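Enquirer: Got a structure here, written out as structure tokens. Questions coming.
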Amino acid sequence: MDVLETDRLIIQPFDVVHVHDFLEFYNQAETMKWVGNGKSTWTENELLEKMARFSGQYPFGIYSVFLKSECKVIGEISLFDTFQSSVKAEIGYIIHQGYWNKGYASELLHTFVPFCKEGWKFEQIIARMYSDNIVSAKICEKMGMSPVARDEIADGVVRLTYELKFNH
């Protein structure tokens with residue numbers, strides 16, 4: 001995949017020239033509280049190290065999400081090799097807080113997820129999120145994903161797991 005497009009978004013592999021756009025949302029506490037360890041103080045070097053760590057084995061990696069109307073990166077979508085499988089992957093996304101509630105996450109997933117099936121031939125996509133992240137859970141359900149697990153991961157923090165199996 002070089003580029004995927006929606007009406008309002010462009011999805012393409014991460015490029016170092018956009019690191020400052022990424023830092024803008026990676027350093028937002030409200031945005032990052034929904035992501036992994038919730039870290040919201042990133043330096044350029046830390047972010048570049050993360051990108052390098054996750055961008056080694058295509059198609060797995062971190063992809064930039066551009067807003068066409070502003071020619072700006074407003075988020076990312078990631079495909080992780082969590083299961084060491086060529087047919088099953090974990091998906092995640094981050095949208096800059098200033099762009100929430102505009103339908104960008106749904107638009108993004110409605111293009112990226114089908115490409116995972118058709119372009120990369122994945123048979124199953126997994127999404128994990130904190131149980132408090134009601135918006136992401138609803139987006140997963142709208143995508144046709146089914147809840148498959150509810151796990152306590154630390155000190156009362158609960159993580160939900162959703163899956164989508166494709167029929168090829």
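To be explicit about the labels: the chains of the structure tokens are called A, B, and onward in the order shown, and within each one the residues are counted from 1, while ligands get numbers from 1 in the order they are shown.
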If we count only C-alpha atoms, what is near range 24-27 of chain A at a cut-off of 7 Å, once residues fewer than 3 positions away on the same chain are taken out, given as a ChimeraX atom specification?
Expert: /A:20-21,31-32,40-42,96
Enquirer: When DSSP works through the backbone of this structure, what residues of range 39-97 of chain A end up as alpha helix (DSSP H), shown as a list in words?
Expert: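 Those residues are Glu44, Asn45, Glu46, Leu47, Leu48, Glu49, Lys50, Met51, Ala52, Arg53 and Phe54 of chain A.
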Enquirer: Any chance you could list, as a PyMOL selection string, the residues in chain A that come up strand (DSSP E or B) when DSSP is run on the backbone?
Expert: chain A and resi 4-5+9-13+61-67+72-80+88-95+124-130+146-154+157-165
Enquirer: Between A:Tyr99, A:Phe122, A:Tyr162, A:Phe54, which residue has the minimum interatomic distance to Ala137 in chain A, considering only C-alpha atoms?
Expert: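 Closest candidate: A:Tyr162.
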Enquirer: Can you measure CA of Thr6 in chain A to CA of Cys71 in chain A for me? One decimal in Å is fine.
Expert: 13.9 Å
Enquirer: So which one's closest to Gly61 in chain A, A:Glu5, A:Glu30, A:Glu141, A:Glu90? Using only C-alpha atoms, please.
Expert: A:Glu90
Enquirer: If we count only C-alpha atoms and set the cut-off at 7 Å, which residues sit around Gln12 in chain A, ignoring sequence neighbours fewer than 3 positions away in its own chain? Please answer as a list in words.
Expert: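 Selected residues are Asp2, Val3, Leu4, Tyr63, Ser64 and Val65 of chain A.
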Enquirer: Kindly indicate which residue among A:Leu108, A:Met129, A:Cys140, A:Leu23 lies nearest to Glu152 in chain A, using only C-alpha atoms for the distances.
Expert: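 Between A:Leu108, A:Met129, A:Cys140, A:Leu23, the residue approaching Glu152 in chain A most closely is A:Met129.
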Enquirer: Show me a table, sorted first by chain and then by increasing residue number, of the residues of range 6-92 of chain A having an atom at most 10 Å from range 133-136 of chain A, each with its shortest atom pair and the distance in Å to one decimal, counting only C-alpha atoms and written as JSON lines.
Expert:
```
{"residue": "A:Lys33", "atom": "CA", "partner": "A:Asn133", "partner_atom": "CA", "distance": 9.6}
{"residue": "A:Trp34", "atom": "CA", "partner": "A:Asn133", "partner_atom": "CA", "distance": 6.9}
{"residue": "A:Gly92", "atom": "CA", "partner": "A:Ser136", "partner_atom": "CA", "distance": 9.9}
```
Enquirer: Quick one: residues within 9 Å of Val157 in chain A, only C-alpha atoms counted, chain neighbours fewer than 5 positions away excluded, as a PyMOL selection string?
Expert: chain A and resi 130-132+151-152
Enquirer: Which value, in Å to one decimal, gives the distance between CA of Ser146 in chain A and CA of Ile10 in chain A?
Expert: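 That distance, rounded to one decimal, is 27.0 Å.
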Enquirer: Under the rule that only C-alpha atoms are counted, which of A:Val17, A:Leu67, A:Leu9, A:Ala127 is the nearest residue to Ile139 in chain A?
Expert: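 Selected residue with least distance to Ile139 in chain A: A:Ala127.
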Enquirer: To one decimal in Å, tell me the separation between CA of Leu48 in chain A and CA of Val19 in chain A.
Expert: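 These atoms are spaced 7.5 Å apart.
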Enquirer: Using only C-alpha atoms, which of the listed residues (A:Val158, A:His110, A:Arg53, A:Ile62) sits closest to Lys142 in chain A?
Expert: A:His110
